[in-house]
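Peer 1: For reference, this is input.txt, and it has compact mmCIF, C-alpha atoms.
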# COMPACT_ATOMS: atom_id res chain seq x y z
CA MET I 222 25.58 -15.58 86.12
CA MET I 223 27.14 -12.15 86.49
CA PHE I 224 29.54 -11.33 83.65
CA SER I 225 30.22 -14.97 83.17
CA ASP I 226 30.43 -16.81 79.92
CA PHE I 227 29.80 -20.12 81.65
CA GLN I 228 26.30 -21.55 81.97
CA VAL I 229 24.89 -23.76 84.72
CA ASN I 230 22.19 -26.19 83.60
CA GLN I 231 20.42 -29.22 84.90
CA ILE I 232 21.51 -32.45 83.24
CA ASP I 233 19.23 -35.28 82.19
CA ILE I 234 21.49 -38.23 82.86
CA SER I 235 19.27 -40.62 80.92
CA GLU I 236 20.26 -38.83 77.73
CA LYS I 237 23.05 -40.84 76.14
CA LYS I 238 25.27 -38.05 74.78
CA ILE I 239 25.45 -36.00 77.98
CA ARG I 240 25.71 -39.14 80.07
CA GLU I 241 28.87 -40.12 78.21
CA GLU I 242 30.33 -36.64 78.74
CA VAL I 243 29.56 -36.82 82.45
CA ILE I 244 31.15 -40.26 82.77
CA LYS I 245 34.25 -39.07 80.92
CA LEU I 246 34.60 -36.03 83.18
CA LEU I 247 34.16 -38.16 86.31
CA GLN I 248 36.72 -40.69 85.05
CA GLN I 249 39.22 -37.91 84.46
CA ASN I 250 38.88 -37.21 88.22
CA ASP I 251 39.05 -40.90 89.24
CA LEU I 252 35.34 -40.99 90.02
CA SER I 253 32.55 -43.18 88.72
CA ILE I 254 28.89 -42.36 88.37
CA ASP I 255 26.46 -42.75 91.25
CA THR I 256 23.33 -44.36 89.87
CA SER I 257 21.09 -43.20 92.69
CA LEU I 258 21.32 -39.42 92.12
CA GLU I 259 18.11 -37.44 92.38
CA LEU I 260 19.39 -34.64 90.21
CA MET I 261 22.52 -33.58 88.45
CA ILE I 262 23.82 -30.27 87.12
CA GLY I 263 26.62 -29.22 84.82
CA VAL I 264 28.67 -26.10 84.15
CA PHE I 265 29.17 -25.48 80.44
CA ASP I 266 31.71 -23.41 78.54
CA ALA I 267 29.74 -22.88 75.35
CA GLU I 268 28.73 -26.49 74.54
CA LYS I 269 31.48 -28.13 76.54
CA LEU I 270 30.75 -29.73 79.92
CA ILE I 271 33.47 -28.46 82.27
CA ALA I 272 32.10 -29.34 85.72
CA THR I 273 29.41 -31.59 87.11
CA GLY I 274 27.82 -32.45 90.43
CA GLY I 275 24.80 -34.28 91.78
CA ILE I 276 22.43 -34.44 94.73
CA LYS I 277 20.98 -37.32 96.64
CA ALA I 278 18.88 -36.59 99.74
CA ASN I 279 21.05 -34.30 101.91
CA THR I 280 24.35 -35.21 100.23
CA LEU I 281 26.29 -33.71 97.33
CA ARG I 282 27.89 -36.30 95.08
CA CYS I 283 29.95 -36.89 91.96
CA ILE I 284 31.54 -33.45 91.97
CA ALA I 285 34.17 -33.08 89.28
CA VAL I 286 35.83 -30.22 87.40
CA ASP I 287 37.66 -30.57 84.10
CA LYS I 288 41.42 -30.47 84.77
CA LYS I 289 41.86 -27.43 82.48
CA TYR I 290 39.26 -25.45 84.44
CA GLN I 291 40.35 -26.32 87.98
CA GLY I 292 41.27 -23.46 90.28
CA GLY I 293 38.91 -21.16 88.40
CA LYS I 294 35.31 -20.15 88.79
CA ALA I 295 33.75 -23.39 87.51
CA LEU I 296 33.79 -25.04 90.96
CA ASN I 297 32.41 -21.90 92.62
CA MET I 298 29.51 -21.78 90.18
CA LEU I 299 28.83 -25.47 90.55
CA MET I 300 28.86 -25.46 94.36
CA SER I 301 26.76 -22.28 94.59
CA GLU I 302 24.11 -23.86 92.40
CA LEU I 303 24.11 -27.18 94.29
CA ILE I 304 23.75 -25.42 97.63
CA LYS I 305 20.98 -23.21 96.24
CA LEU I 306 19.13 -26.27 94.94
CA GLN I 307 19.37 -27.92 98.36
CA TYR I 308 18.16 -24.73 100.02
CA ARG I 309 15.12 -24.66 97.72
CA ARG I 310 14.43 -28.27 98.68
CA ASN I 311 14.52 -27.10 102.31
CA ILE I 312 17.68 -29.08 103.01
CA ASN I 313 20.03 -26.98 105.14
CA ASP I 314 22.28 -29.65 106.64
CA ILE I 315 24.37 -30.70 103.69
CA PHE I 316 26.88 -33.57 103.75
CA LEU I 317 29.42 -34.98 101.35
CA PHE I 318 31.72 -37.97 101.30
CA THR I 319 34.88 -37.57 99.30
CA LYS I 320 38.47 -38.73 98.95
CA PRO I 321 40.96 -37.03 101.29
CA SER I 322 42.77 -35.37 98.37
CA ALA I 323 39.65 -33.27 97.66
CA LYS I 324 39.26 -32.12 101.27
CA ASN I 325 40.91 -28.72 100.85
CA SER I 326 38.76 -27.75 97.89
CA PHE I 327 35.60 -28.42 99.86
CA GLU I 328 36.91 -26.66 102.94
CA PHE I 329 37.40 -23.63 100.75
CA MET I 330 33.72 -23.97 99.77
CA GLY I 331 32.58 -23.71 103.41
CA PHE I 332 32.55 -27.40 104.31
CA TYR I 333 34.02 -28.81 107.52
CA VAL I 334 35.50 -32.24 108.25
CA VAL I 335 33.36 -34.50 110.44
CA GLU I 336 35.70 -37.48 110.38
CA GLU I 337 38.31 -39.04 108.15
CA ILE I 338 39.68 -42.50 107.41
CA ASP I 339 43.27 -41.94 106.26
CA GLY I 340 43.71 -42.40 102.57
CA SER I 341 40.14 -43.58 101.99
CA VAL I 342 37.31 -41.20 102.79
CA VAL I 343 36.39 -37.92 104.44
CA LEU I 344 32.89 -37.07 105.65
CA MET I 345 32.23 -33.33 105.50
CA GLU I 346 29.28 -31.12 106.38
CA ASN I 347 28.37 -27.48 105.88
CA ARG I 348 27.96 -26.79 109.60
CA PRO I 349 31.10 -25.88 111.53
CA HIS I 350 29.95 -27.82 114.61
CA GLY I 351 27.17 -30.05 113.27
CA LEU I 352 28.35 -33.19 115.02
CA LYS I 353 29.01 -31.34 118.28
CA GLU I 354 25.49 -29.87 118.24
CA TYR I 355 24.04 -33.32 117.56
CA LEU I 356 26.01 -34.77 120.49
CA THR I 357 24.93 -31.96 122.82
CA ASN I 358 21.31 -32.90 122.18
CA LEU I 359 22.02 -36.61 122.37
CA SER I 360 23.77 -36.31 125.73
CA LYS I 361 20.48 -35.16 127.30
CA LEU I 362 19.29 -38.77 126.85
CA ARG I 363 22.24 -40.27 128.71
CA VAL I 364 21.37 -42.83 131.38
CA GLU I 365 24.00 -43.85 133.92
CA GLY I 366 24.84 -47.50 134.56
CA ASN I 367 27.55 -50.14 134.33
CA LYS I 368 26.28 -51.89 131.24
CA ILE I 369 25.01 -49.45 128.65
CA SER I 370 24.23 -51.11 125.32
CA ALA I 371 23.32 -50.07 121.82
CA ILE I 372 21.68 -51.64 118.79
CA VAL I 373 21.48 -50.08 115.34
CA MET I 374 18.59 -51.41 113.30
CA ASN I 375 16.53 -50.76 110.24
CA GLY I 376 13.41 -52.71 111.24
CA ASN I 377 12.01 -53.13 107.76
CA PRO I 378 9.55 -54.10 109.24
CA PHE I 379 9.86 -54.86 112.96
CA THR I 380 9.81 -58.66 113.51
CA LEU I 381 9.92 -61.02 116.47
CA GLY I 382 13.62 -61.38 115.62
CA HIS I 383 14.21 -57.69 116.31
CA ARG I 384 12.07 -57.99 119.40
CA TYR I 385 14.15 -60.95 120.63
CA LEU I 386 17.40 -59.02 120.13
CA ILE I 387 16.10 -55.94 121.96
CA GLU I 388 14.59 -58.01 124.77
CA ARG I 389 17.81 -59.91 125.33
CA ALA I 390 20.05 -56.83 125.18
CA ALA I 391 17.75 -54.90 127.53
CA ARG I 392 17.69 -57.79 129.99
CA GLU I 393 21.49 -58.02 130.06
CA SER I 394 22.01 -54.24 130.37
CA ASP I 395 21.29 -51.39 132.73
CA HIS I 396 20.08 -49.40 129.78
CA LEU I 397 19.68 -49.97 126.03
CA HIS I 398 19.81 -47.39 123.24
CA VAL I 399 18.30 -48.39 119.91
CA PHE I 400 19.13 -46.32 116.83
CA VAL I 401 16.70 -46.62 113.94
CA LEU I 402 18.23 -45.90 110.53
CA SER I 403 16.44 -42.83 109.28
CA SER I 404 17.35 -42.72 105.60
CA GLU I 405 14.57 -43.55 103.19
CA GLU I 406 16.19 -46.52 101.48
CA SER I 407 13.79 -49.16 102.69
CA THR I 408 10.42 -50.58 101.65
CA PHE I 409 8.85 -49.35 104.87
CA PRO I 410 9.21 -45.59 105.36
CA TYR I 411 11.18 -44.36 108.38
CA GLU I 412 8.07 -43.10 110.21
CA VAL I 413 6.39 -46.50 109.92
CA ARG I 414 9.51 -48.43 110.97
CA MET I 415 9.96 -46.14 113.97
CA ASN I 416 6.32 -46.45 115.04
CA LEU I 417 6.36 -50.23 114.82
CA ILE I 418 9.53 -50.44 116.92
CA ASN I 419 8.00 -48.11 119.51
CA GLU I 420 4.74 -50.09 119.56
CA GLY I 421 6.47 -53.46 119.72
CA THR I 422 8.73 -52.55 122.66
CA LYS I 423 6.37 -50.51 124.84
CA ASP I 424 6.70 -52.91 127.75
CA ILE I 425 10.51 -52.65 127.93
CA LYS I 426 11.40 -49.94 130.42
CA ASN I 427 15.18 -49.56 130.25
CA LEU I 428 15.11 -48.60 126.59
CA THR I 429 15.57 -45.37 124.61
CA ILE I 430 14.77 -45.34 120.90
CA HIS I 431 16.62 -42.78 118.81
CA LYS I 432 16.37 -41.54 115.29
CA GLY I 433 19.55 -42.77 113.57
CA GLY I 434 20.19 -39.35 112.04
CA ASP I 435 23.05 -38.21 109.86
CA TYR I 436 25.94 -39.65 111.85
CA ILE I 437 24.90 -43.30 111.88
CA ILE I 438 25.92 -44.18 108.36
CA SER I 439 24.02 -47.00 106.76
CA ASN I 440 25.46 -49.16 104.05
CA ALA I 441 22.55 -48.13 101.86
CA THR I 442 23.40 -44.43 101.95
CA PHE I 443 27.18 -44.68 101.87
CA PRO I 444 28.29 -43.53 98.42
CA SER I 445 31.16 -45.32 96.74
CA TYR I 446 31.70 -43.49 93.46
CA PHE I 447 35.08 -42.16 94.68
CA ILE I 448 36.46 -45.54 95.76
CA LYS I 449 38.56 -47.17 93.07
CA GLU I 450 38.65 -50.73 94.35
CA LYS I 451 35.04 -51.84 94.59
CA SER I 452 36.05 -54.65 96.95
CA ASP I 453 37.15 -52.02 99.52
CA ILE I 454 33.79 -50.26 99.73
CA LEU I 455 32.27 -52.30 102.52
CA HIS I 456 35.41 -52.14 104.63
CA ILE I 457 35.79 -48.38 104.21
CA HIS I 458 32.13 -47.81 105.04
CA THR I 459 32.39 -49.93 108.19
CA MET I 460 35.58 -48.18 109.31
CA LEU I 461 33.96 -44.74 109.00
CA ASP I 462 30.72 -45.81 110.66
CA ALA I 463 32.56 -47.59 113.50
CA LYS I 464 34.89 -44.63 114.04
CA ILE I 465 32.09 -42.07 114.36
CA PHE I 466 30.08 -44.41 116.58
CA GLY I 467 33.03 -45.39 118.75
CA LYS I 468 34.69 -42.00 119.02
CA TYR I 469 31.67 -39.74 119.46
CA ILE I 470 28.25 -41.36 119.85
CA ALA I 471 29.17 -44.13 122.29
CA PRO I 472 31.09 -41.93 124.78
CA CYS I 473 28.32 -39.34 124.62
CA LEU I 474 25.81 -41.88 125.95
CA GLY I 475 28.31 -43.98 127.92
CA ILE I 476 27.72 -46.97 125.64
CA ASN I 477 30.11 -49.87 126.28
CA ARG I 478 28.34 -52.73 124.51
CA ARG I 479 26.93 -53.10 121.05
CA TYR I 480 24.57 -55.93 120.16
CA VAL I 481 24.30 -57.27 116.63
CA GLY I 482 22.08 -60.01 115.27
CA GLU I 483 23.88 -62.92 113.69
CA GLU I 484 23.43 -62.73 109.94
CA PRO I 485 23.12 -66.07 108.15
CA TYR I 486 21.59 -64.72 104.94
CA CYS I 487 23.22 -61.50 103.86
CA GLU I 488 27.00 -61.64 103.33
CA THR I 489 27.32 -57.83 103.41
CA THR I 490 25.72 -57.55 106.84
CA ASN I 491 27.71 -60.50 108.10
CA MET I 492 30.99 -58.93 107.04
CA TYR I 493 29.89 -55.64 108.59
CA ASN I 494 29.30 -57.45 111.89
CA GLN I 495 32.67 -59.21 111.75
CA THR I 496 34.47 -55.91 111.06
CA LEU I 497 32.64 -54.19 113.93
CA LYS I 498 33.93 -56.94 116.23
CA LYS I 499 37.47 -56.01 115.25
CA LEU I 500 37.07 -52.22 115.37
CA LEU I 501 34.77 -51.33 118.26
CA PRO I 502 36.83 -52.89 121.08
CA LYS I 503 39.45 -50.18 120.35
CA TYR I 504 36.91 -47.70 121.69
CA GLY I 505 36.13 -49.81 124.73
CA ILE I 506 32.96 -51.27 123.23
CA LYS I 507 32.29 -54.97 123.45
CA VAL I 508 30.44 -56.41 120.44
CA ILE I 509 27.97 -59.14 121.31
CA GLU I 510 26.60 -61.22 118.47
CA ILE I 511 23.31 -62.92 119.21
CA SER I 512 22.12 -66.00 117.32
CA ARG I 513 19.02 -65.35 115.40
CA LYS I 514 15.70 -66.48 116.78
CA THR I 515 14.09 -69.38 114.94
CA ILE I 516 10.49 -70.48 114.69
CA ASP I 517 10.04 -74.10 113.62
CA ASP I 518 13.74 -74.21 112.70
CA VAL I 519 13.41 -71.24 110.36
CA TYR I 520 15.34 -68.02 111.06
CA ILE I 521 13.19 -64.95 111.42
CA SER I 522 14.28 -62.13 109.16
CA ALA I 523 12.65 -58.99 107.88
CA SER I 524 13.54 -60.01 104.33
CA ASN I 525 11.61 -63.26 104.81
CA VAL I 526 8.67 -61.24 106.04
CA ARG I 527 8.84 -59.01 102.98
CA SER I 528 9.05 -61.94 100.63
CA PHE I 529 5.96 -63.55 102.21
CA ILE I 530 4.21 -60.22 101.80
CA ALA I 531 5.32 -60.03 98.17
CA LYS I 532 3.92 -63.51 97.53
CA GLY I 533 0.65 -62.56 99.19
CA GLU I 534 1.15 -65.10 101.98
CA ILE I 535 0.18 -62.67 104.69
CA ASP I 536 -0.98 -65.46 107.05
CA LYS I 537 2.63 -66.73 107.22
CA VAL I 538 3.75 -63.29 108.40
CA LYS I 539 1.60 -63.49 111.50
CA SER I 540 3.87 -65.91 113.36
CA LEU I 541 7.03 -63.88 112.54
CA VAL I 542 6.03 -60.41 113.74
CA PRO I 543 4.59 -58.87 116.92
CA ASN I 544 0.84 -58.18 116.95
CA SER I 545 1.51 -54.49 116.53
CA THR I 546 3.32 -55.04 113.23
CA TYR I 547 0.70 -57.48 111.99
CA SER I 548 -2.20 -55.21 112.80
CA PHE I 549 -0.44 -52.33 111.04
CA LEU I 550 -0.30 -54.47 107.90
CA THR I 551 -4.07 -54.86 108.02
CA THR I 552 -4.68 -51.10 108.11
CA GLU I 553 -5.27 -49.12 104.94
CA GLU I 554 -1.74 -47.66 105.10
CA GLY I 555 -0.39 -51.18 105.57
CA GLN I 556 -2.40 -52.46 102.59
CA GLN I 557 -0.97 -49.71 100.40
CA LEU I 558 2.54 -50.74 101.41
CA ILE I 559 1.75 -54.39 100.76
CA ASN I 560 0.64 -53.48 97.25
CA LYS I 561 3.82 -51.52 96.74
CA ILE I 562 5.92 -54.48 97.87
CA LYS I 563 4.01 -56.83 95.61
CA THR I 564 4.65 -54.69 92.57
CA SER I 565 8.30 -53.97 93.26
CA LEU I 566 11.05 -56.55 93.02
CA ASN I 567 11.94 -58.52 96.11
CA LYS I 568 14.99 -56.74 97.35
CA ARG I 569 16.77 -57.67 100.54
CA HIS I 570 16.90 -54.80 103.10
CA MET Y 131 12.99 -9.08 113.14
CA GLU Y 132 11.96 -12.61 114.06
CA ILE Y 133 13.92 -15.40 112.41
CA ILE Y 134 11.60 -18.27 111.51
CA ARG Y 135 13.57 -20.51 109.20
CA THR Y 136 16.97 -20.79 107.53
CA GLY Y 137 17.65 -17.94 105.13
CA MET Y 138 20.29 -17.99 102.42
CA ALA Y 139 21.47 -15.44 99.86
CA GLY Y 140 24.40 -14.95 97.54
CA THR Y 141 26.82 -17.26 95.75
CA MET Y 142 30.41 -18.38 96.14
CA GLU Y 143 31.48 -16.74 92.91
CA SER Y 144 34.20 -14.14 92.74
CA SER Y 145 33.26 -10.77 94.38
CA ASP Y 146 30.20 -12.30 96.02
CA ILE Y 147 29.43 -13.73 99.45
CA ASN Y 148 27.16 -16.63 100.36
CA VAL Y 149 25.31 -15.94 103.61
CA VAL Y 150 23.23 -18.40 105.63
CA ILE Y 151 21.29 -17.21 108.68
CA GLU Y 152 19.74 -19.48 111.27
CA LYS Y 153 18.13 -19.13 114.65
CA GLN Y 154 20.17 -20.32 117.62
CA GLU Y 155 19.01 -21.12 121.11
CA ALA Y 156 21.98 -19.45 122.73
CA LYS Y 157 21.95 -15.68 123.10
CA GLY Y 158 23.86 -13.42 120.77
CA ILE Y 159 25.19 -13.50 117.24
CA LYS Y 160 27.73 -16.10 116.16
CA ILE Y 161 29.55 -15.63 112.86
CA TYR Y 162 31.46 -18.36 111.04
CA LEU Y 163 33.39 -16.81 108.19
CA ASN Y 164 35.36 -18.48 105.44
CA SER Y 165 36.95 -15.84 103.24
CA SER Y 166 39.51 -15.74 100.47
CA VAL Y 167 40.62 -12.39 101.94
CA GLU Y 168 40.34 -13.35 105.61
CA LYS Y 169 43.80 -12.07 106.52
CA GLN Y 170 43.27 -8.62 104.99
CA PHE Y 171 39.54 -8.02 105.53
CA GLY Y 172 38.19 -10.69 107.91
CA ASP Y 173 37.47 -8.24 110.72
CA GLN Y 174 35.90 -5.70 108.38
CA ILE Y 175 33.57 -8.36 106.87
CA ARG Y 176 32.47 -9.47 110.34
CA LYS Y 177 31.84 -5.86 111.30
CA VAL Y 178 29.62 -5.25 108.26
CA ILE Y 179 27.64 -8.46 108.91
CA LEU Y 180 27.17 -7.52 112.56
CA GLU Y 181 26.11 -3.94 111.82
CA THR Y 182 23.62 -5.05 109.19
CA LEU Y 183 22.05 -7.51 111.63
CA GLU Y 184 21.89 -4.82 114.34
CA ASP Y 185 20.19 -2.41 111.92
CA LEU Y 186 17.58 -5.09 111.20
CA LYS Y 187 17.21 -5.81 114.93
CA VAL Y 188 18.18 -9.44 114.54
CA THR Y 189 19.48 -11.26 117.62
CA ASN Y 190 20.28 -14.87 118.60
CA VAL Y 191 21.37 -16.14 115.21
CA VAL Y 192 24.20 -18.09 113.65
CA VAL Y 193 25.66 -16.70 110.44
CA ARG Y 194 27.65 -18.91 108.10
CA ALA Y 195 29.37 -16.93 105.38
CA VAL Y 196 31.58 -18.01 102.50
CA ASP Y 197 33.17 -14.86 101.09
CA ARG Y 198 34.94 -14.47 97.77
CA GLY Y 199 36.09 -10.88 98.13
CA ALA Y 200 32.72 -9.13 98.25
CA LEU Y 201 32.56 -5.35 98.72
CA ASP Y 202 30.84 -3.98 101.83
CA CYS Y 203 27.71 -3.02 99.89
CA THR Y 204 27.44 -6.58 98.52
CA ILE Y 205 27.89 -8.06 101.99
CA ARG Y 206 25.17 -5.78 103.36
CA ALA Y 207 22.77 -6.66 100.53
CA ARG Y 208 23.34 -10.41 100.91
CA VAL Y 209 22.86 -10.29 104.70
CA GLN Y 210 19.66 -8.26 104.27
CA SER Y 211 18.27 -10.76 101.74
CA ALA Y 212 19.17 -13.74 103.89
CA VAL Y 213 17.48 -12.13 106.92
CA MET Y 214 14.32 -11.30 104.96
CA ARG Y 215 14.11 -14.86 103.70
CA ALA Y 216 14.74 -16.22 107.18
CA ALA Y 217 11.94 -14.01 108.52
CA ASN Y 218 9.58 -15.08 105.71
CA LYS Y 219 9.36 -11.42 104.69
CA GLU Y 220 11.07 -11.60 101.36
CA ASN Y 221 8.28 -9.70 99.66
CA GLU Y 222 7.70 -7.11 102.37
CA LEU Y 223 10.91 -5.12 102.15
CA ASP Y 224 10.78 -1.79 103.91
CA TRP Y 225 13.08 0.15 101.65
CA GLU Y 226 13.14 3.21 103.90
CA VAL Y 227 14.64 1.20 106.71
CA LEU Y 228 17.19 -0.41 104.43
Render the structure in this file as structure tokens.
Peer 2:
Amino acid sequence: MMFSDFQVNQIDISEKKIREEVIKLLQQNDLSIDTSLELMIGVFDAEKLIATGGIKANTLRCIAVDKKYQGGKALNMLMSELIKLQYRRNINDIFLFTKPSAKNSFEFMGFYVVEEIDGSVVLMENRPHGLKEYLTNLSKLRVEGNKISAIVMNGNPFTLGHRYLIERAARESDHLHVFVLSSEESTFPYEVRMNLINEGTKDIKNLTIHKGGDYIISNATFPSYFIKEKSDILHIHTMLDAKIFGKYIAPCLGINRRYVGEEPYCETTNMYNQTLKKLLPKYGIKVIEISRKTIDDVYISASNVRSFIAKGEIDKVKSLVPNSTYSFLTTEEGQQLINKIKTSLNKRH
Amino acid sequence: MEIIRTGMAGTMESSDINVVIEKQEAKGIKIYLNSSVEKQFGDQIRKVILETLEDLKVTNVVVRAVDRGALDCTIRARVQSAVMRAANKENELDWEVL
């Protein structure tokens, strides 16, 4: 850059030598490495790595500056490059999660606080009123009533279990808002998941289906490289997600009930549900946990569906999903996904 | 000048300014400025941004700027670049107008 003796370069994290330098620099700043980064860059003083930062989807991550170079131009160069890279990728709404002690540095770099959990995490974005703008649009979909409910789901893919939960919540409510997680962390792409939920619930009238967007924070996209105690991650994630939902999203739509499906399989999701039950009532939201639907004494779950698909037992899927989901699986696009699932490992979620 | 997409120019390095320009539905020009010399030159920076946009006949936009003590000529150049990129006219600069 202009008159600068520092260099900004992309880093190949799979290379052992530079990887060790990155890890050392992160450790110096009480951070660990995020294994899901899409790309990483470094600022170098001659051969020495003095600052590093990474990108995943629309977030900036693992940003660290060598203690001896803090307060200088290293951070400016690093952030300028990260923002430029995002701009080239056509990503203009940039987010970052960080520890509260780093808040001021990022504010100086043109980031604004969305919400904070004291002592644990701050969510920041590069738009001064990003959340407010989102809520202004969301409020256009408000429906008045006494019982306004919400469900957040991934639908990977949409099963009769999801259908049962939506049906029940819609029946017990004046209106139901369903938020579909929109990050691409799942076997089924967002577009497909969204379409199958739309198709499978066409007959339900008091229902609005929303894109989850950037302010419904899924466990899969919540970064944890800045949290020291790994056992705290889930709790901190849930607190942030519940706070944003309870403080902003729910009042915007008048939501006073949140439905969750009972989770007998996945301990993470179960703990998330239990924590929501404790946190959301503070915002005037009742959490209603619904027992999972069974067929022949077997719980229906999307992970079961995926594991049948992975084993090639597509006939067993038929009784667990709505017709719309099943017929999607028989299309060419569905077949391609089935092949992808078969070749990849059987992950839950 | 019609703004089609988000345009960005400049860096956050010393003596530079990072400018992002986006269309907004509301009428007018809204400027969000974060500057290391806000107290001394905040109003002057806003004035230069506004004048540059007026010269380019740009209306109904949001400008987000992170300034690190840029001179007026730098501010003008960065705003012009960001506008050209936002208008998809990066390679059609009319130097006489500028």
Peer 1: Give me the residues near stretch 209-224 of chain Y as a PyMOL selection string, where near means some atom within 9 Å (using all atoms listed in the file) and where sequence neighbours in that chain fewer than 4 positions away do not count.
Peer 2: chain Y and resi 131-140+148-153+179+182-183+186+188+204-205+228
Peer 1: Return the single residue from I:Leu359, I:Ile437, I:Leu299, I:Val508 that is closest to chain Y, with distances computed using only C-alpha atoms.
Peer 2: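 Going through I:Leu359, I:Ile437, I:Leu299, I:Val508 one by one, the smallest distance to chain Y is for I:Leu299.
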Peer 1: Report as a tab-separated table: every residue of chain I with an atom at most 10 Å from chain Y, its closest pair of atoms, and their distance in Å to one decimal, counting only C-alpha atoms, with rows sorted by chain and ascending residue number.
Peer 2:
residue	atom	partner	partner_atom	distance
I:Met222	CA	Y:Glu143	CA	9.1
I:Met223	CA	Y:Glu143	CA	9.0
I:Ser225	CA	Y:Glu143	CA	10.0
I:Gly293	CA	Y:Ser144	CA	9.5
I:Lys294	CA	Y:Glu143	CA	6.6
I:Ala295	CA	Y:Glu143	CA	8.9
I:Leu296	CA	Y:Glu143	CA	8.8
I:Asn297	CA	Y:Glu143	CA	5.3
I:Met298	CA	Y:Glu143	CA	6.1
I:Leu299	CA	Y:Met142	CA	9.2
I:Met300	CA	Y:Met142	CA	7.5
I:Ser301	CA	Y:Thr141	CA	5.2
I:Glu302	CA	Y:Thr141	CA	7.9
I:Ile304	CA	Y:Thr141	CA	8.9
I:Lys305	CA	Y:Met138	CA	8.1
I:Tyr308	CA	Y:Met138	CA	7.5
I:Arg309	CA	Y:Met138	CA	9.7
I:Asn311	CA	Y:Thr136	CA	8.5
I:Ile312	CA	Y:Thr136	CA	9.5
I:Asn313	CA	Y:Thr136	CA	7.3
I:Glu328	CA	Y:Asn164	CA	8.7
I:Phe329	CA	Y:Asn164	CA	7.3
I:Met330	CA	Y:Val196	CA	6.9
I:Gly331	CA	Y:Val196	CA	5.9
I:Phe332	CA	Y:Asn164	CA	9.4
I:Asn347	CA	Y:Arg194	CA	8.9
I:Arg348	CA	Y:Arg194	CA	8.0
I:Pro349	CA	Y:Tyr162	CA	7.5
Peer 1: Quick check, in Å to one decimal: how far apart do atom CA of I:Lys449 and atom CA of I:Asn375 lie?
Peer 2: 28.2 Å
Peer 1: Measure the distance from atom CA of I:Gly340 to atom CA of I:Phe447 in Å and round it to one decimal.
Peer 2: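 Those two atoms sit 11.7 Å apart.
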Peer 1: Could you pull the residues within 10 Å of Y:Asp202, counting all atoms listed in the file, minus those fewer than 4 positions along the same chain, as a list in words?
Peer 2: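 In the requested format, the answer is Gln174, Ile175, Lys177, Val178, Ile179, Arg206, Ala207 and Arg208 of chain Y.
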Peer 1: To one decimal in Å, tell me the separation between atom CA of I:His350 and atom CA of I:Leu317.
Peer 2: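 Atom-to-atom, atom CA of I:His350 to atom CA of I:Leu317, that is 15.1 Å.
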Peer 1: Check the smallest atom-to-atom distance from each of I:Thr515, I:Lys532, I:Glu405, I:Gly505 to I:Ile562 using only C-alpha atoms, then report the winner.
Peer 2: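 The closest residue to I:Ile562 is I:Lys532.
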Peer 1: Using the partial input, fill out stretch 166-176 of chain Y with N, CA and C atoms; write the result as a PDB file, keeping the file's coordinate frame.
Peer 2:
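The result, stored in result_0.pdb:
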ATOM      1  N   SER Y 166      38.265 -15.691 101.232  1.00  0.00           N
ATOM      2  CA  SER Y 166      39.510 -15.740 100.470  1.00  0.00           C
ATOM      3  C   SER Y 166      40.405 -14.555 100.825  1.00  0.00           C
ATOM      4  N   VAL Y 167      39.829 -13.551 101.526  1.00  0.00           N
ATOM      5  CA  VAL Y 167      40.620 -12.390 101.940  1.00  0.00           C
ATOM      6  C   VAL Y 167      40.562 -12.213 103.467  1.00  0.00           C
ATOM      7  N   GLU Y 168      40.473 -13.351 104.152  1.00  0.00           N
ATOM      8  CA  GLU Y 168      40.340 -13.350 105.610  1.00  0.00           C
ATOM      9  C   GLU Y 168      41.441 -12.499 106.279  1.00  0.00           C
ATOM     10  N   LYS Y 169      42.678 -12.741 105.856  1.00  0.00           N
ATOM     11  CA  LYS Y 169      43.800 -12.070 106.520  1.00  0.00           C
ATOM     12  C   LYS Y 169      43.694 -10.550 106.406  1.00  0.00           C
ATOM     13  N   GLN Y 170      43.323 -10.059 105.210  1.00  0.00           N
ATOM     14  CA  GLN Y 170      43.270  -8.620 104.990  1.00  0.00           C
ATOM     15  C   GLN Y 170      41.974  -7.992 105.531  1.00  0.00           C
ATOM     16  N   PHE Y 171      40.821  -8.682 105.282  1.00  0.00           N
ATOM     17  CA  PHE Y 171      39.540  -8.020 105.530  1.00  0.00           C
ATOM     18  C   PHE Y 171      38.583  -8.787 106.457  1.00  0.00           C
ATOM     19  N   GLY Y 172      39.074  -9.876 107.079  1.00  0.00           N
ATOM     20  CA  GLY Y 172      38.190 -10.690 107.910  1.00  0.00           C
ATOM     21  C   GLY Y 172      37.417  -9.872 108.942  1.00  0.00           C
ATOM     22  N   ASP Y 173      38.118  -9.019 109.670  1.00  0.00           N
ATOM     23  CA  ASP Y 173      37.470  -8.240 110.720  1.00  0.00           C
ATOM     24  C   ASP Y 173      36.448  -7.257 110.153  1.00  0.00           C
ATOM     25  N   GLN Y 174      36.806  -6.657 109.021  1.00  0.00           N
ATOM     26  CA  GLN Y 174      35.900  -5.700 108.380  1.00  0.00           C
ATOM     27  C   GLN Y 174      34.607  -6.405 107.914  1.00  0.00           C
ATOM     28  N   ILE Y 175      34.747  -7.616 107.343  1.00  0.00           N
ATOM     29  CA  ILE Y 175      33.570  -8.360 106.870  1.00  0.00           C
ATOM     30  C   ILE Y 175      32.652  -8.678 108.061  1.00  0.00           C
ATOM     31  N   ARG Y 176      33.259  -9.147 109.157  1.00  0.00           N
ATOM     32  CA  ARG Y 176      32.470  -9.470 110.340  1.00  0.00           C
ATOM     33  C   ARG Y 176      31.743  -8.230 110.863  1.00  0.00           C
TER      34      ARG Y 176
END
